[in-house]
$ cat work34.pdb   # PDB, C-alpha atoms and all ligand atoms
ATOM      1  CA  MET A   1     114.670  96.685  79.976  1.00  0.00           C
ATOM      2  CA  ALA A   2     112.325  99.465  80.959  1.00  0.00           C
ATOM      3  CA  GLN A   3     109.377  99.671  78.593  1.00  0.00           C
ATOM      4  CA  LEU A   4     108.039 102.944  77.239  1.00  0.00           C
ATOM      5  CA  PHE A   5     104.286 103.337  76.802  1.00  0.00           C
ATOM      6  CA  LEU A   6     102.297 106.256  75.448  1.00  0.00           C
ATOM      7  CA  ASP A   7      99.561 107.621  77.722  1.00  0.00           C
ATOM      8  CA  THR A   8      96.980 108.620  75.128  1.00  0.00           C
ATOM      9  CA  ALA A   9      93.993 107.409  73.129  1.00  0.00           C
ATOM     10  CA  LYS A  10      94.789 109.603  70.099  1.00  0.00           C
ATOM     11  CA  LEU A  11      95.573 107.408  67.090  1.00  0.00           C
ATOM     12  CA  GLU A  12      97.680 110.048  65.328  1.00  0.00           C
ATOM     13  CA  GLU A  13      99.965 110.368  68.368  1.00  0.00           C
ATOM     14  CA  ILE A  14     100.304 106.589  68.645  1.00  0.00           C
ATOM     15  CA  GLU A  15     101.094 106.240  64.926  1.00  0.00           C
ATOM     16  CA  GLU A  16     103.741 108.952  65.160  1.00  0.00           C
ATOM     17  CA  ALA A  17     105.365 107.486  68.298  1.00  0.00           C
ATOM     18  CA  ALA A  18     105.309 103.979  66.816  1.00  0.00           C
ATOM     19  CA  SER A  19     107.205 105.286  63.775  1.00  0.00           C
ATOM     20  CA  TRP A  20     110.049 106.353  66.089  1.00  0.00           C
ATOM     21  CA  GLY A  21     110.652 102.709  67.051  1.00  0.00           C
ATOM     22  CA  ALA A  22     110.465 103.451  70.766  1.00  0.00           C
ATOM     23  CA  LEU A  23     106.897 102.496  71.579  1.00  0.00           C
ATOM     24  CA  ASP A  24     106.222  99.320  73.566  1.00  0.00           C
ATOM     25  CA  GLY A  25     102.585  99.880  74.523  1.00  0.00           C
ATOM     26  CA  VAL A  26      99.743 102.301  75.244  1.00  0.00           C
ATOM     27  CA  THR A  27      97.661 103.184  78.300  1.00  0.00           C
ATOM     28  CA  THR A  28      94.235 104.792  78.071  1.00  0.00           C
ATOM     29  CA  ASN A  29      91.565 105.819  80.544  1.00  0.00           C
ATOM     30  CA  PRO A  30      88.112 107.425  80.269  1.00  0.00           C
ATOM     31  CA  THR A  31      89.610 110.938  80.389  1.00  0.00           C
ATOM     32  CA  LEU A  32      92.018 110.141  77.554  1.00  0.00           C
ATOM     33  CA  MET A  33      89.164 108.645  75.503  1.00  0.00           C
ATOM     34  CA  MET A  34      87.227 111.870  76.071  1.00  0.00           C
ATOM     35  CA  ARG A  35      90.249 113.907  74.885  1.00  0.00           C
ATOM     36  CA  ALA A  36      90.459 111.685  71.787  1.00  0.00           C
ATOM     37  CA  GLY A  37      86.790 112.490  71.178  1.00  0.00           C
ATOM     38  CA  THR A  38      85.517 108.915  71.195  1.00  0.00           C
ATOM     39  CA  ALA A  39      83.093 106.975  73.377  1.00  0.00           C
ATOM     40  CA  ASP A  40      83.626 103.856  71.285  1.00  0.00           C
ATOM     41  CA  LEU A  41      86.111 102.211  73.614  1.00  0.00           C
ATOM     42  CA  LYS A  42      86.108  98.919  71.744  1.00  0.00           C
ATOM     43  CA  THR A  43      86.790 100.241  68.231  1.00  0.00           C
ATOM     44  CA  ASN A  44      89.424 102.680  69.419  1.00  0.00           C
ATOM     45  CA  THR A  45      91.196 100.092  71.564  1.00  0.00           C
ATOM     46  CA  ILE A  46      91.297  97.591  68.697  1.00  0.00           C
ATOM     47  CA  LYS A  47      92.724 100.276  66.381  1.00  0.00           C
ATOM     48  CA  ILE A  48      95.379 101.152  68.963  1.00  0.00           C
ATOM     49  CA  ALA A  49      96.337  97.475  69.393  1.00  0.00           C
ATOM     50  CA  ALA A  50      96.694  97.093  65.623  1.00  0.00           C
ATOM     51  CA  ILE A  51      99.141 100.013  65.512  1.00  0.00           C
ATOM     52  CA  VAL A  52     101.270  99.262  68.556  1.00  0.00           C
ATOM     53  CA  GLN A  53     101.170  95.433  68.452  1.00  0.00           C
ATOM     54  CA  GLY A  54     101.924  95.499  72.162  1.00  0.00           C
ATOM     55  CA  PRO A  55     100.121  95.942  75.488  1.00  0.00           C
ATOM     56  CA  VAL A  56      97.134  98.338  75.397  1.00  0.00           C
ATOM     57  CA  SER A  57      95.283  99.161  78.609  1.00  0.00           C
ATOM     58  CA  ALA A  58      91.535  99.894  78.531  1.00  0.00           C
ATOM     59  CA  GLU A  59      89.660 100.839  81.695  1.00  0.00           C
ATOM     60  CA  VAL A  60      86.376  99.597  83.131  1.00  0.00           C
ATOM     61  CA  ILE A  61      83.629 102.060  84.068  1.00  0.00           C
ATOM     62  CA  SER A  62      81.823  99.950  86.702  1.00  0.00           C
ATOM     63  CA  THR A  63      82.730 100.456  90.343  1.00  0.00           C
ATOM     64  CA  ASP A  64      81.350  97.186  91.751  1.00  0.00           C
ATOM     65  CA  ALA A  65      83.264  93.912  91.451  1.00  0.00           C
ATOM     66  CA  ALA A  66      80.575  92.078  89.478  1.00  0.00           C
ATOM     67  CA  GLY A  67      80.298  94.919  86.972  1.00  0.00           C
ATOM     68  CA  MET A  68      84.079  95.180  86.584  1.00  0.00           C
ATOM     69  CA  ILE A  69      84.376  91.415  86.052  1.00  0.00           C
ATOM     70  CA  SER A  70      81.650  91.503  83.411  1.00  0.00           C
ATOM     71  CA  GLU A  71      83.285  94.435  81.585  1.00  0.00           C
ATOM     72  CA  ALA A  72      86.706  92.784  81.869  1.00  0.00           C
ATOM     73  CA  ARG A  73      85.422  89.625  80.180  1.00  0.00           C
ATOM     74  CA  ASP A  74      84.348  91.715  77.207  1.00  0.00           C
ATOM     75  CA  ILE A  75      87.397  94.029  77.087  1.00  0.00           C
ATOM     76  CA  LEU A  76      89.903  91.153  77.269  1.00  0.00           C
ATOM     77  CA  SER A  77      88.214  89.437  74.308  1.00  0.00           C
ATOM     78  CA  TRP A  78      88.965  92.379  71.978  1.00  0.00           C
ATOM     79  CA  SER A  79      92.644  91.563  71.415  1.00  0.00           C
ATOM     80  CA  GLU A  80      95.435  89.449  72.814  1.00  0.00           C
ATOM     81  CA  HIS A  81      97.243  92.755  73.474  1.00  0.00           C
ATOM     82  CA  VAL A  82      94.584  94.251  75.722  1.00  0.00           C
ATOM     83  CA  PHE A  83      95.032  94.647  79.472  1.00  0.00           C
ATOM     84  CA  VAL A  84      91.995  95.600  81.528  1.00  0.00           C
ATOM     85  CA  LYS A  85      92.463  98.535  83.887  1.00  0.00           C
ATOM     86  CA  ILE A  86      90.844  98.040  87.275  1.00  0.00           C
ATOM     87  CA  PRO A  87      90.971 100.724  90.003  1.00  0.00           C
ATOM     88  CA  CYS A  88      92.678  99.963  93.316  1.00  0.00           C
ATOM     89  CA  THR A  89      89.578  99.825  95.535  1.00  0.00           C
ATOM     90  CA  VAL A  90      88.172  97.016  97.676  1.00  0.00           C
ATOM     91  CA  GLU A  91      85.756  96.151  94.860  1.00  0.00           C
ATOM     92  CA  GLY A  92      88.621  96.418  92.371  1.00  0.00           C
ATOM     93  CA  LEU A  93      90.780  93.993  94.356  1.00  0.00           C
ATOM     94  CA  LYS A  94      87.902  91.509  94.495  1.00  0.00           C
ATOM     95  CA  ALA A  95      87.574  91.783  90.713  1.00  0.00           C
ATOM     96  CA  ILE A  96      91.334  91.417  90.135  1.00  0.00           C
ATOM     97  CA  ARG A  97      91.459  88.306  92.315  1.00  0.00           C
ATOM     98  CA  GLU A  98      88.851  86.691  90.039  1.00  0.00           C
ATOM     99  CA  ILE A  99      90.098  88.004  86.668  1.00  0.00           C
ATOM    100  CA  ALA A 100      93.700  86.987  87.431  1.00  0.00           C
ATOM    101  CA  THR A 101      92.617  83.326  87.479  1.00  0.00           C
ATOM    102  CA  TRP A 102      91.476  83.472  83.828  1.00  0.00           C
ATOM    103  CA  PRO A 103      93.901  82.283  81.107  1.00  0.00           C
ATOM    104  CA  ASN A 104      93.674  85.758  79.519  1.00  0.00           C
ATOM    105  CA  GLY A 105      93.361  87.643  82.821  1.00  0.00           C
ATOM    106  CA  ARG A 106      95.740  90.503  82.088  1.00  0.00           C
ATOM    107  CA  VAL A 107      95.101  93.255  84.658  1.00  0.00           C
ATOM    108  CA  ASN A 108      96.559  96.730  85.022  1.00  0.00           C
ATOM    109  CA  CYS A 109      95.633  97.896  88.533  1.00  0.00           C
ATOM    110  CA  THR A 110      95.239 101.658  88.270  1.00  0.00           C
ATOM    111  CA  LEU A 111      94.871 104.723  90.513  1.00  0.00           C
ATOM    112  CA  ILE A 112      97.603 103.575  92.917  1.00  0.00           C
ATOM    113  CA  PHE A 113      98.862 106.253  95.290  1.00  0.00           C
ATOM    114  CA  SER A 114     100.714 104.295  98.020  1.00  0.00           C
ATOM    115  CA  PRO A 115     103.072 101.320  98.446  1.00  0.00           C
ATOM    116  CA  THR A 116     100.366  99.454 100.378  1.00  0.00           C
ATOM    117  CA  GLN A 117      98.022  99.738  97.402  1.00  0.00           C
ATOM    118  CA  ALA A 118     100.798  98.479  95.093  1.00  0.00           C
ATOM    119  CA  TYR A 119     101.408  95.562  97.472  1.00  0.00           C
ATOM    120  CA  LEU A 120      97.702  94.629  97.532  1.00  0.00           C
ATOM    121  CA  ALA A 121      97.437  94.921  93.733  1.00  0.00           C
ATOM    122  CA  ALA A 122     100.367  92.510  93.352  1.00  0.00           C
ATOM    123  CA  LYS A 123      98.924  90.101  95.905  1.00  0.00           C
ATOM    124  CA  ALA A 124      95.550  90.104  94.128  1.00  0.00           C
ATOM    125  CA  GLY A 125      97.302  89.042  90.905  1.00  0.00           C
ATOM    126  CA  ALA A 126      97.586  92.222  88.817  1.00  0.00           C
ATOM    127  CA  ALA A 127     100.180  92.084  86.032  1.00  0.00           C
ATOM    128  CA  TYR A 128     100.813  95.858  86.277  1.00  0.00           C
ATOM    129  CA  ALA A 129     100.585  98.257  89.229  1.00  0.00           C
ATOM    130  CA  SER A 130     100.111 101.825  87.952  1.00  0.00           C
ATOM    131  CA  ILE A 131     101.428 104.462  90.341  1.00  0.00           C
ATOM    132  CA  PHE A 132     100.120 107.980  89.659  1.00  0.00           C
ATOM    133  CA  VAL A 133     103.344 109.877  90.289  1.00  0.00           C
ATOM    134  CA  GLY A 134     102.240 113.344  89.138  1.00  0.00           C
ATOM    135  CA  ARG A 135      98.997 113.308  91.084  1.00  0.00           C
ATOM    136  CA  ILE A 136     100.886 112.284  94.251  1.00  0.00           C
ATOM    137  CA  ASP A 137     103.249 115.227  93.653  1.00  0.00           C
ATOM    138  CA  ASP A 138     100.181 117.456  93.171  1.00  0.00           C
ATOM    139  CA  ALA A 139      99.085 116.505  96.689  1.00  0.00           C
ATOM    140  CA  GLY A 140     102.385 117.813  98.059  1.00  0.00           C
ATOM    141  CA  LEU A 141     103.881 114.334  98.502  1.00  0.00           C
ATOM    142  CA  ASP A 142     106.749 112.553  96.719  1.00  0.00           C
ATOM    143  CA  GLY A 143     105.315 110.413  93.922  1.00  0.00           C
ATOM    144  CA  MET A 144     108.641 108.871  92.983  1.00  0.00           C
ATOM    145  CA  GLU A 145     109.214 107.726  96.555  1.00  0.00           C
ATOM    146  CA  VAL A 146     106.095 105.553  96.160  1.00  0.00           C
ATOM    147  CA  VAL A 147     107.712 103.999  93.065  1.00  0.00           C
ATOM    148  CA  ARG A 148     111.002 103.437  94.934  1.00  0.00           C
ATOM    149  CA  GLN A 149     109.336 101.860  97.966  1.00  0.00           C
ATOM    150  CA  SER A 150     107.073  99.669  95.816  1.00  0.00           C
ATOM    151  CA  ARG A 151     110.135  98.551  93.812  1.00  0.00           C
ATOM    152  CA  GLU A 152     111.858  97.477  97.018  1.00  0.00           C
ATOM    153  CA  ILE A 153     108.757  95.658  98.288  1.00  0.00           C
ATOM    154  CA  PHE A 154     108.262  93.792  94.991  1.00  0.00           C
ATOM    155  CA  ASP A 155     111.958  92.847  94.884  1.00  0.00           C
ATOM    156  CA  ASN A 156     112.069  91.769  98.539  1.00  0.00           C
ATOM    157  CA  TYR A 157     109.347  89.210  97.951  1.00  0.00           C
ATOM    158  CA  GLY A 158     109.703  88.443  94.249  1.00  0.00           C
ATOM    159  CA  PHE A 159     106.243  89.680  93.232  1.00  0.00           C
ATOM    160  CA  ASP A 160     105.451  88.923  89.606  1.00  0.00           C
ATOM    161  CA  CYS A 161     103.873  92.341  89.013  1.00  0.00           C
ATOM    162  CA  GLN A 162     105.361  95.082  86.875  1.00  0.00           C
ATOM    163  CA  LEU A 163     105.665  98.573  88.300  1.00  0.00           C
ATOM    164  CA  LEU A 164     104.197 101.131  85.923  1.00  0.00           C
ATOM    165  CA  ALA A 165     104.990 104.812  86.510  1.00  0.00           C
ATOM    166  CA  ALA A 166     101.948 106.803  85.342  1.00  0.00           C
ATOM    167  CA  SER A 167     100.746 110.403  85.578  1.00  0.00           C
ATOM    168  CA  ILE A 168     104.103 111.497  84.202  1.00  0.00           C
ATOM    169  CA  ARG A 169     104.258 115.267  83.747  1.00  0.00           C
ATOM    170  CA  HIS A 170     107.798 116.056  82.516  1.00  0.00           C
ATOM    171  CA  THR A 171     111.067 114.500  81.375  1.00  0.00           C
ATOM    172  CA  ALA A 172     112.604 114.636  84.879  1.00  0.00           C
ATOM    173  CA  HIS A 173     109.847 112.249  85.970  1.00  0.00           C
ATOM    174  CA  VAL A 174     110.977 109.863  83.219  1.00  0.00           C
ATOM    175  CA  VAL A 175     114.610 109.948  84.353  1.00  0.00           C
ATOM    176  CA  ASP A 176     113.636 109.523  88.001  1.00  0.00           C
ATOM    177  CA  ALA A 177     111.299 106.628  87.175  1.00  0.00           C
ATOM    178  CA  LEU A 178     114.102 104.889  85.246  1.00  0.00           C
ATOM    179  CA  LEU A 179     116.468 105.390  88.195  1.00  0.00           C
ATOM    180  CA  ALA A 180     113.785 104.182  90.637  1.00  0.00           C
ATOM    181  CA  GLY A 181     113.510 100.899  88.733  1.00  0.00           C
ATOM    182  CA  ALA A 182     110.060 101.261  87.149  1.00  0.00           C
ATOM    183  CA  ASP A 183     109.420  98.398  84.721  1.00  0.00           C
ATOM    184  CA  ILE A 184     107.204 100.575  82.521  1.00  0.00           C
ATOM    185  CA  ILE A 185     106.847 104.335  82.130  1.00  0.00           C
ATOM    186  CA  THR A 186     103.778 105.703  80.363  1.00  0.00           C
ATOM    187  CA  VAL A 187     104.189 109.224  79.018  1.00  0.00           C
ATOM    188  CA  PRO A 188     101.929 111.775  77.341  1.00  0.00           C
ATOM    189  CA  PHE A 189     102.906 112.553  73.741  1.00  0.00           C
ATOM    190  CA  GLY A 190     104.149 116.028  74.739  1.00  0.00           C
ATOM    191  CA  VAL A 191     106.628 114.488  77.188  1.00  0.00           C
ATOM    192  CA  LEU A 192     107.813 111.985  74.547  1.00  0.00           C
ATOM    193  CA  GLN A 193     108.510 114.877  72.163  1.00  0.00           C
ATOM    194  CA  LYS A 194     110.539 116.668  74.834  1.00  0.00           C
ATOM    195  CA  MET A 195     112.526 113.477  75.570  1.00  0.00           C
ATOM    196  CA  VAL A 196     114.115 113.569  72.122  1.00  0.00           C
ATOM    197  CA  ARG A 197     114.764 117.299  71.885  1.00  0.00           C
ATOM    198  CA  SER A 198     117.868 119.232  72.882  1.00  0.00           C
ATOM    199  CA  PRO A 199     118.822 122.737  71.693  1.00  0.00           C
ATOM    200  CA  PHE A 200     122.434 121.534  71.720  1.00  0.00           C
ATOM    201  CA  THR A 201     121.577 118.854  69.167  1.00  0.00           C
ATOM    202  CA  ASP A 202     119.967 121.542  66.964  1.00  0.00           C
ATOM    203  CA  VAL A 203     122.974 123.866  67.300  1.00  0.00           C
ATOM    204  CA  GLY A 204     125.403 121.002  66.642  1.00  0.00           C
ATOM    205  CA  LEU A 205     123.490 119.905  63.559  1.00  0.00           C
ATOM    206  CA  ALA A 206     123.322 123.463  62.171  1.00  0.00           C
ATOM    207  CA  ARG A 207     127.077 123.813  62.632  1.00  0.00           C
ATOM    208  CA  PHE A 208     127.802 120.520  60.841  1.00  0.00           C
ATOM    209  CA  GLN A 209     125.577 121.573  57.950  1.00  0.00           C
ATOM    210  CA  ALA A 210     127.177 125.015  57.700  1.00  0.00           C
ATOM    211  CA  ASP A 211     130.690 123.546  57.723  1.00  0.00           C
ATOM    212  CA  TRP A 212     129.755 120.992  55.081  1.00  0.00           C
ATOM    213  CA  GLU A 213     128.383 123.790  52.874  1.00  0.00           C
ATOM    214  CA  LYS A 214     131.721 125.598  53.189  1.00  0.00           C
ATOM    215  CA  VAL A 215     133.762 122.613  52.062  1.00  0.00           C
ATOM    216  CA  ALA A 216     131.340 121.119  49.536  1.00  0.00           C
ATOM    217  CA  GLY A 217     129.995 124.369  48.144  1.00  0.00           C
TER
HETATM  218  O1  LIG B 301      98.025 106.814  83.121  1.00  0.00           O
HETATM  219  C1  LIG B 301      97.403 107.618  84.059  1.00  0.00           C
HETATM  220  C2  LIG B 301      97.446 109.035  83.654  1.00  0.00           C
HETATM  221  O2  LIG B 301      96.709 109.216  82.499  1.00  0.00           O
HETATM  222  C3  LIG B 301      97.018 110.029  84.650  1.00  0.00           C
HETATM  223  O3  LIG B 301      97.695 111.174  84.294  1.00  0.00           O
HETATM  224  O4  LIG B 301      98.123 113.560  84.120  1.00  0.00           O
HETATM  225  O5  LIG B 301      95.774 112.729  84.447  1.00  0.00           O
HETATM  226  O6  LIG B 301      97.414 112.615  86.301  1.00  0.00           O
HETATM  227  P1  LIG B 301      97.219 112.598  84.825  1.00  0.00           P
END
$ encode --input "work34.pdb" --output "structure tokens"
Amino acid sequence: MAQLFLDTAKLEEIEEAASWGALDGVTTNPTLMMRAGTADLKTNTIKIAAIVQGPVSAEVISTDAAGMISEARDILSWSEHVFVKIPCTVEGLKAIREIATWPNGRVNCTLIFSPTQAYLAAKAGAAYASIFVGRIDDAGLDGMEVVRQSREIFDNYGFDCQLLAASIRHTAHVVDALLAGADIITVPFGVLQKMVRSPFTDVGLARFQADWEKVAG
């Protein structure tokens, strides 16, 4: 089953989405922490994990392998639900290769923009490969095609790495990611709200209520 994550660090959004019964996990990054107004990555991540009781991704700040590995050791100790987000760079791949050998080495390889990056992330041992669909579209390319090609590559060779569609901008991205075979889709809260809404549902509900008033007084 495709899992639905929320792409936010805002606790109120996570609490609301969790109450809908549709939330499997959360992804954060430094920008989302900034939007949530907190620099306390540890406290906020632990609070998020307590709400969602599922996978929560928290990103390293270091750009060298040794620094990423050191941060990952700390981040992964915060909760059994935490995945450490490591960027898809040469230094990142070196770090993933090491972290993936740990018993708790749960890695979300982030900032993936091509099928070759997804392939290398999987080979290095990442549990998730996060493809930034919207940002690829922004560059005038087809973000979902990267998801489709990566899906085929992972399936061809049986890679044990989950494809995560990230940088989702609208509900059509969600539908396309589901059709492309993404294992996980992480959506901003605004997109989640739009996923449940239809004016036809509102009109239908108003009509049912009006008709019931007529018959029941
Ligand atoms: O999960 C990655 C995501 O936060 C990036 O989204 O909208 O900044 O491209 P965006």
$ resolve_selection --input "work34.pdb" --expression "the PyMOL selection byres (((chain A and resi 183-186) around 10) and not hetatm)" --output "PyMOL selection string"
chain A and resi 1-8+23-28+128-131+151+161-168+173-175+177-178+180-182+187-189+191-192
$ resolve_selection --input "work34.pdb" --expression "the PyMOL selection byres (((chain A and resi 121-127) around 10) and not hetatm)" --output "MDAnalysis selection string"
chainID A and resid 83:89 92:101 105:110 112 115:120 128:130 154 159:164
$ closest_residue --input "work34.pdb" --among "A:Ala58, A:Val146, A:Ala22, A:Ile51" --to "ligand LIG 301 (chain B)" --atoms "all atoms listed in the file"
A:Ala58
$ axis_aligned_box --input "work34.pdb" --around "ligand LIG 301 (chain B)" --padding-each-side "3 Å" --output "AutoDock Vina command-line options"
--center_x 96.9 --center_y 110.2 --center_z 84.4 --size_x 8.3 --size_y 12.7 --size_z 9.8
$ closest_residue --input "work34.pdb" --among "A:His170, A:Arg135, A:Lys42, A:Arg207" --to "Lys194 in chain A" --atoms "only C-alpha atoms"
A:His170
$ atom_distance --input "work34.pdb" --atom1 "CA of Ile136 in chain A" --atom2 "CA of Asn156 in chain A"
23.8 Å
$ atom_distance --input "work34.pdb" --atom1 "atom C2 of ligand LIG 301 (chain B)" --atom2 "CA of Ala50 in chain A"
21.6 Å
$ resolve_selection --input "work34.pdb" --expression "the PyMOL selection byres (((chain A and resi 60) around 9) and not hetatm)" --output "PDB file with C-alpha atoms, in the frame of the given file"
ATOM      1  CA  ASN A  29      91.565 105.819  80.544  1.00  0.00           C
ATOM      2  CA  PRO A  30      88.112 107.425  80.269  1.00  0.00           C
ATOM      3  CA  ALA A  58      91.535  99.894  78.531  1.00  0.00           C
ATOM      4  CA  GLU A  59      89.660 100.839  81.695  1.00  0.00           C
ATOM      5  CA  ILE A  61      83.629 102.060  84.068  1.00  0.00           C
ATOM      6  CA  SER A  62      81.823  99.950  86.702  1.00  0.00           C
ATOM      7  CA  THR A  63      82.730 100.456  90.343  1.00  0.00           C
ATOM      8  CA  GLY A  67      80.298  94.919  86.972  1.00  0.00           C
ATOM      9  CA  MET A  68      84.079  95.180  86.584  1.00  0.00           C
ATOM     10  CA  ILE A  69      84.376  91.415  86.052  1.00  0.00           C
ATOM     11  CA  GLU A  71      83.285  94.435  81.585  1.00  0.00           C
ATOM     12  CA  ALA A  72      86.706  92.784  81.869  1.00  0.00           C
ATOM     13  CA  ILE A  75      87.397  94.029  77.087  1.00  0.00           C
ATOM     14  CA  VAL A  84      91.995  95.600  81.528  1.00  0.00           C
ATOM     15  CA  LYS A  85      92.463  98.535  83.887  1.00  0.00           C
ATOM     16  CA  ILE A  86      90.844  98.040  87.275  1.00  0.00           C
ATOM     17  CA  PRO A  87      90.971 100.724  90.003  1.00  0.00           C
TER      18      PRO A  87
END
$ atom_distance --input "work34.pdb" --atom1 "CA of Ala17 in chain A" --atom2 "CA of Asp176 in chain A"
21.5 Å
$ closest_residue --input "work34.pdb" --among "A:Val52, A:Ala139, A:Ile46, A:Ala206" --to "ligand LIG 301 (chain B)" --atoms "all atoms listed in the file"
A:Ala139
$ closest_residue --input "work34.pdb" --among "A:Leu111, A:Val147, A:Ala66, A:Val203" --to "ligand LIG 301 (chain B)" --atoms "all atoms listed in the file"
A:Leu111
$ closest_residue --input "work34.pdb" --among "A:Glu145, A:Glu12, A:Asp155, A:Gly217" --to "Leu179 in chain A" --atoms "only C-alpha atoms"
A:Glu145
$ closest_residue --input "work34.pdb" --among "A:Glu80, A:Glu91, A:Asp138, A:Asp40" --to "ligand LIG 301 (chain B)" --atoms "only C-alpha atoms and all ligand atoms"
A:Asp138
$ residues_near_point --input "work34.pdb" --point "(89.0, 83.3, 75.4)" --cutoff "9 Å" --atoms "all atoms listed in the file" --output "list of chain:residue names"
A:Arg73, A:Leu76, A:Ser77, A:Trp102, A:Pro103, A:Asn104
